[in-house]
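**Student:** If it helps, the file is called run21.csv and holds CSV, C-alpha atoms:
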```csv
chain,number,residue,atom,x,y,z
D,1,MET,CA,133.4,178.2,51.3
D,2,VAL,CA,129.7,177.9,50.4
D,3,PHE,CA,130.2,174.3,49.5
D,4,LYS,CA,131.9,173.6,52.9
D,5,ARG,CA,128.9,175.2,54.7
D,6,MET,CA,126.5,173.0,52.8
D,7,LEU,CA,128.5,169.9,53.7
D,8,ARG,CA,128.3,171.0,57.4
D,9,ALA,CA,124.5,171.5,57.0
D,10,PHE,CA,124.3,167.9,55.8
D,11,GLY,CA,126.5,166.6,58.7
D,12,VAL,CA,129.7,166.0,56.6
D,13,GLY,CA,132.7,166.6,58.8
D,14,GLY,CA,130.5,166.8,61.9
D,15,PRO,CA,130.9,164.9,65.2
D,16,THR,CA,130.6,161.1,65.2
D,17,VAL,CA,129.3,158.8,67.9
D,18,ASP,CA,130.2,155.4,69.2
D,19,THR,CA,128.5,153.7,72.1
D,20,VAL,CA,130.5,151.1,74.1
D,21,LEU,CA,128.5,148.8,76.5
D,22,THR,CA,130.2,147.5,79.6
D,23,ASN,CA,128.3,144.3,79.1
D,24,PRO,CA,125.6,143.7,76.5
D,25,ASN,CA,124.1,140.9,78.6
D,26,VAL,CA,121.3,142.0,80.9
D,27,ARG,CA,118.1,140.8,82.6
D,28,PRO,CA,114.8,142.7,82.9
D,29,GLY,CA,114.9,145.3,85.6
D,30,GLU,CA,118.7,145.6,85.5
D,31,MET,CA,120.9,148.4,84.3
D,32,LEU,CA,122.7,148.6,81.0
D,33,SER,CA,125.9,150.6,81.5
D,34,GLY,CA,128.5,152.0,79.3
D,35,GLU,CA,129.6,155.3,77.7
D,36,VAL,CA,128.8,157.3,74.6
D,37,ARG,CA,132.0,158.4,72.9
D,38,ILE,CA,131.8,161.5,70.8
D,39,ALA,CA,134.6,162.5,68.4
D,40,GLY,CA,134.6,166.1,67.2
D,41,GLY,CA,134.6,166.7,63.5
D,42,ASP,CA,136.5,169.4,61.5
D,43,HIS,CA,134.5,172.3,62.9
D,44,PRO,CA,132.8,173.2,66.3
D,45,ALA,CA,129.4,171.7,66.7
D,46,GLU,CA,126.8,172.1,69.4
D,47,ILE,CA,124.9,168.9,70.1
D,48,ASP,CA,121.4,169.6,71.3
D,49,HIS,CA,120.6,166.2,72.6
D,50,VAL,CA,122.2,162.7,73.1
D,51,THR,CA,119.6,160.1,73.5
D,52,LEU,CA,119.6,156.3,74.0
D,53,ALA,CA,116.6,154.2,72.9
D,54,LEU,CA,115.8,150.5,73.3
D,55,LEU,CA,114.4,149.0,70.1
D,56,THR,CA,112.8,145.8,69.0
D,57,ARG,CA,110.9,144.3,66.1
D,58,VAL,CA,107.1,144.3,66.6
D,59,GLU,CA,104.4,142.7,64.5
D,60,VAL,CA,101.5,145.1,63.8
D,61,GLU,CA,98.1,144.0,62.5
D,62,SER,CA,96.3,146.7,60.5
D,63,GLY,CA,93.0,145.6,59.0
D,64,ASP,CA,93.7,142.4,57.0
D,65,ASN,CA,97.4,143.2,56.8
D,66,GLU,CA,100.4,142.4,59.0
D,67,TYR,CA,103.8,144.1,59.0
D,68,ASN,CA,106.9,144.4,61.2
D,69,THR,CA,108.3,147.6,62.4
D,70,ASN,CA,111.1,148.7,64.6
D,71,MET,CA,109.6,150.1,67.8
D,72,GLU,CA,111.3,152.2,70.5
D,73,PHE,CA,110.0,151.2,73.9
D,74,HIS,CA,112.3,153.1,76.2
D,75,LYS,CA,114.2,156.4,75.7
D,76,PHE,CA,116.8,157.9,78.0
D,77,SER,CA,118.7,161.2,77.7
D,78,VAL,CA,122.4,161.1,78.5
D,79,GLY,CA,123.3,164.7,77.6
D,80,GLN,CA,122.2,168.0,76.1
D,81,ARG,CA,123.7,171.2,74.8
D,82,ILE,CA,127.2,169.7,74.5
D,83,MET,CA,129.8,171.7,72.5
D,84,ALA,CA,132.1,169.4,70.6
D,85,GLN,CA,135.3,171.2,69.5
D,86,PRO,CA,137.2,170.1,66.4
D,87,HIS,CA,138.8,166.7,66.9
D,88,GLN,CA,137.9,166.7,70.6
D,89,ASN,CA,137.0,163.4,72.2
D,90,LEU,CA,134.2,163.4,74.8
D,91,SER,CA,132.8,160.6,76.9
D,92,LEU,CA,129.4,160.4,78.5
D,93,PRO,CA,128.9,157.5,80.9
D,94,PHE,CA,125.4,156.2,81.3
D,95,GLN,CA,123.2,153.7,83.1
D,96,VAL,CA,119.9,152.8,81.4
D,97,PRO,CA,117.3,150.8,83.3
D,98,VAL,CA,115.9,147.9,81.3
D,99,PRO,CA,112.1,147.7,81.7
D,100,PHE,CA,110.8,144.6,83.6
D,101,GLU,CA,108.6,143.9,80.6
D,102,CYS,CA,111.5,143.9,78.2
D,103,PRO,CA,111.3,140.9,75.8
D,104,LEU,CA,113.8,138.1,76.1
D,105,ASN,CA,116.1,137.1,73.2
D,106,VAL,CA,118.4,134.6,75.0
D,107,VAL,CA,117.2,131.5,76.8
D,108,GLY,CA,119.6,128.8,78.1
D,109,GLY,CA,122.5,130.5,76.4
D,110,MET,CA,120.8,130.2,73.0
D,111,GLN,CA,119.4,133.2,71.0
D,112,LEU,CA,115.7,133.0,70.4
D,113,SER,CA,115.0,132.9,66.7
D,114,GLY,CA,113.2,136.0,65.4
D,115,MET,CA,114.0,138.2,68.4
D,116,GLN,CA,116.1,141.3,67.8
D,117,LEU,CA,116.9,143.9,70.5
D,118,GLY,CA,119.2,146.8,70.3
D,119,LEU,CA,120.3,150.0,71.9
D,120,ARG,CA,120.3,153.0,69.5
D,121,THR,CA,122.3,156.2,70.1
D,122,GLU,CA,120.8,159.4,68.6
D,123,LEU,CA,122.6,162.7,68.2
D,124,GLU,CA,120.5,165.8,67.5
D,125,VAL,CA,122.5,168.7,66.0
D,126,ARG,CA,120.5,171.8,65.0
D,127,GLY,CA,117.2,169.9,64.8
D,128,ALA,CA,118.6,167.2,62.6
D,129,VAL,CA,118.7,163.7,64.2
D,130,ASP,CA,121.5,161.3,63.3
D,131,PRO,CA,120.4,157.8,64.4
D,132,GLY,CA,124.1,157.0,64.9
D,133,ASP,CA,125.0,153.7,66.6
D,134,LEU,CA,122.9,150.6,67.0
D,135,ASP,CA,124.3,148.0,69.4
D,136,PRO,CA,122.7,144.6,69.9
D,137,ILE,CA,121.8,143.7,73.5
D,138,TRP,CA,121.2,140.2,74.9
D,139,VAL,CA,118.3,140.0,77.4
D,140,HIS,CA,118.3,136.9,79.6
D,141,PRO,CA,115.4,135.6,81.7
D,142,LEU,CA,115.0,136.5,85.4
D,143,PRO,CA,115.3,133.4,87.7
D,144,SER,CA,111.5,133.4,88.0
D,145,GLN,CA,111.0,133.4,84.2
D,146,ASP,CA,113.7,130.8,83.9
D,147,ALA,CA,111.9,128.4,86.2
D,148,VAL,CA,108.9,128.5,83.8
D,149,LEU,CA,111.1,128.1,80.7
D,150,GLN,CA,112.9,125.1,82.3
D,151,ALA,CA,109.6,123.4,83.0
D,152,PHE,CA,108.7,123.7,79.3
D,153,GLY,CA,112.0,122.1,78.4
D,154,GLN,CA,111.7,119.3,80.9
D,155,MET,CA,108.2,118.5,79.7
D,156,GLY,CA,109.3,118.1,76.1
D,157,PHE,CA,107.9,121.3,74.6
D,158,ARG,CA,109.8,122.3,71.4
D,159,PHE,CA,110.6,125.9,70.8
D,160,THR,CA,109.5,127.1,67.4
D,161,LYS,CA,109.8,130.9,67.3
D,162,ALA,CA,109.3,134.1,69.3
D,163,ASP,CA,107.9,137.5,68.3
D,164,ASN,CA,106.4,140.7,69.7
D,165,GLU,CA,102.8,141.6,69.0
D,166,ARG,CA,101.4,145.1,69.3
D,167,GLY,CA,98.4,145.2,71.6
D,168,ARG,CA,97.4,144.5,75.2
D,169,ILE,CA,96.5,141.5,77.2
D,170,HIS,CA,93.5,142.0,79.5
D,171,GLY,CA,93.7,141.3,83.2
D,172,VAL,CA,97.5,141.8,83.6
D,173,PRO,CA,99.5,145.0,84.6
D,174,GLN,CA,101.0,145.5,81.1
D,175,GLN,CA,102.8,148.8,80.6
D,176,LEU,CA,104.4,148.4,77.1
D,177,PRO,CA,102.3,148.8,73.9
D,178,PHE,CA,103.3,145.2,72.9
D,179,TYR,CA,103.9,141.8,74.4
D,180,GLN,CA,106.2,138.9,73.6
D,181,GLU,CA,105.0,135.5,72.5
D,182,ILE,CA,107.3,132.5,72.8
D,183,GLU,CA,105.8,129.6,70.8
D,184,PHE,CA,106.2,125.9,71.3
D,185,TYR,CA,105.1,122.7,69.8
D,186,PRO,CA,103.5,120.5,72.6
D,187,PRO,CA,104.9,117.3,74.0
D,188,PRO,CA,103.8,114.1,72.2
D,189,GLN,CA,101.1,113.2,74.8
D,190,PHE,CA,99.3,116.5,73.9
D,191,ALA,CA,100.2,116.8,70.2
D,192,GLY,CA,97.0,115.2,68.9
D,193,ARG,CA,94.8,117.7,70.7
D,194,VAL,CA,96.9,120.9,70.8
D,195,LYS,CA,98.7,122.4,67.8
D,196,GLN,CA,100.9,124.8,69.7
D,197,VAL,CA,101.3,126.8,72.9
D,198,GLU,CA,102.3,130.4,73.3
D,199,LEU,CA,103.9,131.7,76.5
D,200,THR,CA,103.9,135.4,77.5
D,201,PHE,CA,105.5,137.0,80.5
D,202,VAL,CA,104.2,140.2,81.9
D,203,THR,CA,106.6,141.1,84.6
D,204,THR,CA,106.6,143.8,87.3
D,205,PRO,CA,109.2,144.6,90.0
D,206,THR,CA,107.4,142.3,92.4
D,207,GLU,CA,105.3,139.8,90.4
D,208,LEU,CA,105.5,137.4,87.5
D,209,HIS,CA,102.4,137.0,85.4
D,210,VAL,CA,102.5,133.9,83.1
D,211,VAL,CA,100.0,133.9,80.3
D,212,LEU,CA,99.5,130.7,78.3
D,213,GLU,CA,97.5,130.3,75.0
D,214,ALA,CA,96.9,126.9,73.5
D,215,ASP,CA,95.7,126.4,69.9
D,216,LYS,CA,93.4,123.4,70.1
D,217,ARG,CA,92.9,121.0,67.3
D,218,ALA,CA,89.3,120.2,66.4
D,219,GLY,CA,88.1,116.6,66.9
D,220,LEU,CA,85.1,114.4,66.5
D,221,LEU,CA,83.6,115.5,69.8
D,222,ARG,CA,85.4,118.8,70.4
D,223,ALA,CA,85.8,122.1,68.7
D,224,GLY,CA,89.1,123.8,68.0
D,225,GLY,CA,90.0,127.2,69.2
D,226,ASP,CA,92.1,129.0,71.7
D,227,ALA,CA,92.3,128.2,75.4
D,228,TYR,CA,94.0,130.5,77.9
D,229,GLY,CA,95.7,130.1,81.3
D,230,ARG,CA,96.9,132.8,83.7
D,231,PHE,CA,99.1,132.5,86.7
D,232,ALA,CA,100.4,135.3,88.9
D,233,VAL,CA,103.0,134.8,91.6
D,234,SER,CA,105.7,136.8,93.3
D,235,HIS,CA,109.3,136.4,91.9
D,236,GLN,CA,110.1,134.6,95.2
D,237,GLN,CA,107.1,132.2,94.9
D,238,ALA,CA,108.0,131.5,91.2
D,239,ALA,CA,111.3,129.9,92.2
D,240,GLY,CA,109.5,127.5,94.6
D,241,THR,CA,106.5,126.7,92.3
D,242,ASP,CA,106.4,123.2,90.6
D,243,TRP,CA,105.8,124.6,87.1
D,244,THR,CA,106.0,121.2,85.5
D,245,ALA,CA,103.0,120.0,87.5
D,246,THR,CA,101.2,123.3,87.1
D,247,ILE,CA,101.6,123.4,83.3
D,248,ASN,CA,100.9,119.7,83.0
D,249,GLN,CA,97.6,120.1,84.8
D,250,TRP,CA,96.6,123.0,82.7
D,251,MET,CA,97.5,121.2,79.5
D,252,SER,CA,95.5,118.1,80.6
D,253,GLN,CA,92.5,120.3,81.2
D,254,VAL,CA,92.9,122.1,77.9
D,255,SER,CA,93.4,118.9,75.8
D,256,GLY,CA,90.7,117.0,77.6
D,257,SER,CA,87.9,119.6,77.7
D,258,ARG,CA,85.1,119.5,75.3
D,259,TRP,CA,84.0,122.7,73.7
```
If you convert what's in this file into structure tokens, what do you get?
**Tutor:**
Amino acid sequence: MVFKRMLRAFGVGGPTVDTVLTNPNVRPGEMLSGEVRIAGGDHPAEIDHVTLALLTRVEVESGDNEYNTNMEFHKFSVGQRIMAQPHQNLSLPFQVPVPFECPLNVVGGMQLSGMQLGLRTELEVRGAVDPGDLDPIWVHPLPSQDAVLQAFGQMGFRFTKADNERGRIHGVPQQLPFYQEIEFYPPPQFAGRVKQVELTFVTTPTELHVVLEADKRAGLLRAGGDAYGRFAVSHQQAAGTDWTATINQWMSQVSGSRW
């Protein structure tokens, strides 16, 4: 009997959890819906909290070191003080809003290398948290973001990798403690003067902020370094903007300027 109580204290024979998403494909600002399914164990258990959390990998700079960590960037409670009887099946439906600044991990139907996003289900029983389920989610671009990404493809930029960086970008309405960088090699006409270009979206319910960073090559009459570009438009305006011309003009200025 004592051994059985110890097993219960460590969660053996306790309730288990499985989260089922209606559709793991979503866009920033939309709802992730589904249900948390709880199966009772071999004894009654009171579940203090059932929480869903959006997670992604974030690169953190600390002094001269860099490391990657899993970071929760949105938490949502779907239930509390739930009594799970032995072998009872419970279902908790949910709708979780995806932040507008949520990073992307699918573009043009292809997964972005290096980008991991997931929905984690946490059960808290008597103060002990069981991380439970982790379900991958696939975040696709909004039409406004897709217009910019398509322009990069049409111009001949080549995607290299994407990651999330902890920190803030000045001058934009950033809410999350990190931002996504989507990195490209430039088209041939700019390759001699620019090493790579990083694209960041900072998105609100009404506006799209596009932040560009070019890593310039040093030359005989020009210094290397980073050059920045920022564009802010409404989501509606973004669809009608000639992003190919806009980006081409910015790249021409960046590659032709003398520092």
**Student:** One decimal, Å: what's the distance from CA of Phe94 in chain D over to CA of Gly13 in chain D, could you say?
**Tutor:** 25.8 Å
**Student:** Excluding Ala214 in chain D and any residue of its chain fewer than 3 positions from it, enumerate the residues within 12 Å of it, using all atoms listed in the file, and give them as a ChimeraX atom specification.
**Tutor:** /D:181-186,190-191,193-200,211,217,224-230,247,250-255
**Student:** Could you jot down the CA of Phe100 in chain D to CA of Phe157 in chain D separation for me, Å, one decimal place?
**Tutor:**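 Those two atoms sit 25.1 Å apart.
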**Student:** Using all atoms listed in the file, tabulate the residues of range 90-180 of chain D lying at most 7 Å from any atom of range 21-45 of chain D, each with its closest atom pair and that distance in Å to one decimal, by chain and increasing residue number, as a tab-separated table.
**Tutor:**
```
residue	atom	partner	partner_atom	distance
D:Leu90	CA	D:Ile38	CA	5.0
D:Ser91	CA	D:Arg37	CA	4.6
D:Leu92	CA	D:Val36	CA	5.0
D:Pro93	CA	D:Glu35	CA	3.9
D:Phe94	CA	D:Gly34	CA	5.6
D:Gln95	CA	D:Ser33	CA	4.4
D:Val96	CA	D:Leu32	CA	5.1
D:Pro97	CA	D:Met31	CA	4.4
D:Val98	CA	D:Gly29	CA	5.1
D:Pro99	CA	D:Gly29	CA	5.4
D:Phe100	CA	D:Pro28	CA	4.5
D:Glu101	CA	D:Pro28	CA	6.7
D:Cys102	CA	D:Pro28	CA	5.9
D:Ile137	CA	D:Pro24	CA	4.8
D:Trp138	CA	D:Asn25	CA	4.8
D:Val139	CA	D:Val26	CA	5.0
D:His140	CA	D:Arg27	CA	4.9
D:Pro141	CA	D:Arg27	CA	5.9
D:Leu142	CA	D:Arg27	CA	6.0
```
**Student:** CA of Ser77 in chain D to CA of Pro177 in chain D: how many Å, to one decimal?
**Tutor:** 20.9 Å
**Student:** Residues around (120.5, 170.0, 72.7), cut-off 8 Å, counting all atoms listed in the file - what are they as an MDAnalysis selection string?
**Tutor:** chainID D and resid 46:50 79:82 124:126
**Student:** Would you please work out which residue, of D:Val106, D:Val60, D:Val17, D:Leu212, is nearest to Arg120 in chain D when using only C-alpha atoms?
**Tutor:**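 The closest residue to Arg120 in chain D is D:Val17.
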**Student:** Would you mind telling me which residue in D:Met110, D:Ala147, D:Ala84, D:Ile169 lies nearest to Gln236 in chain D when using all atoms listed in the file?
**Tutor:**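 Of D:Met110, D:Ala147, D:Ala84, D:Ile169, the one nearest Gln236 in chain D is D:Ala147, counting all atoms listed in the file.
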**Student:** Using all atoms listed in the file, can you tell me which of D:Leu123, D:Thr16, D:Gln116, D:Pro187 comes closest to Met155 in chain D?
**Tutor:**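 Of all the options, D:Pro187 lies closest to Met155 in chain D.
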**Student:** Looking at all atoms listed in the file, which of D:Ser113, D:Asn89, D:Thr51, D:Gln249 is the one that sits closest to Thr160 in chain D?
**Tutor:** D:Ser113
**Student:** Neighbouring residues of Ser234 in chain D were defined as those with any atom within 6 Å, considering all atoms listed in the file; residues of the same chain fewer than 5 positions away were excluded. Please report them as an MDAnalysis selection string.
**Tutor:** chainID D and resid 206:208
**Student:** Nearest residue to Val172 in chain D out of D:Val148, D:Leu54, D:Val202, D:Val233, using all atoms listed in the file?
**Tutor:**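 So, comparing all the options, the nearest one is D:Val202.
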**Student:** Choose the residue, out of D:Thr69, D:Thr19, D:Thr203, D:Thr244, that has the smallest atom-to-atom separation from Ala151 in chain D; count all atoms listed in the file.
**Tutor:**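 Of the candidates, the smallest distance to Ala151 in chain D is held by D:Thr244.
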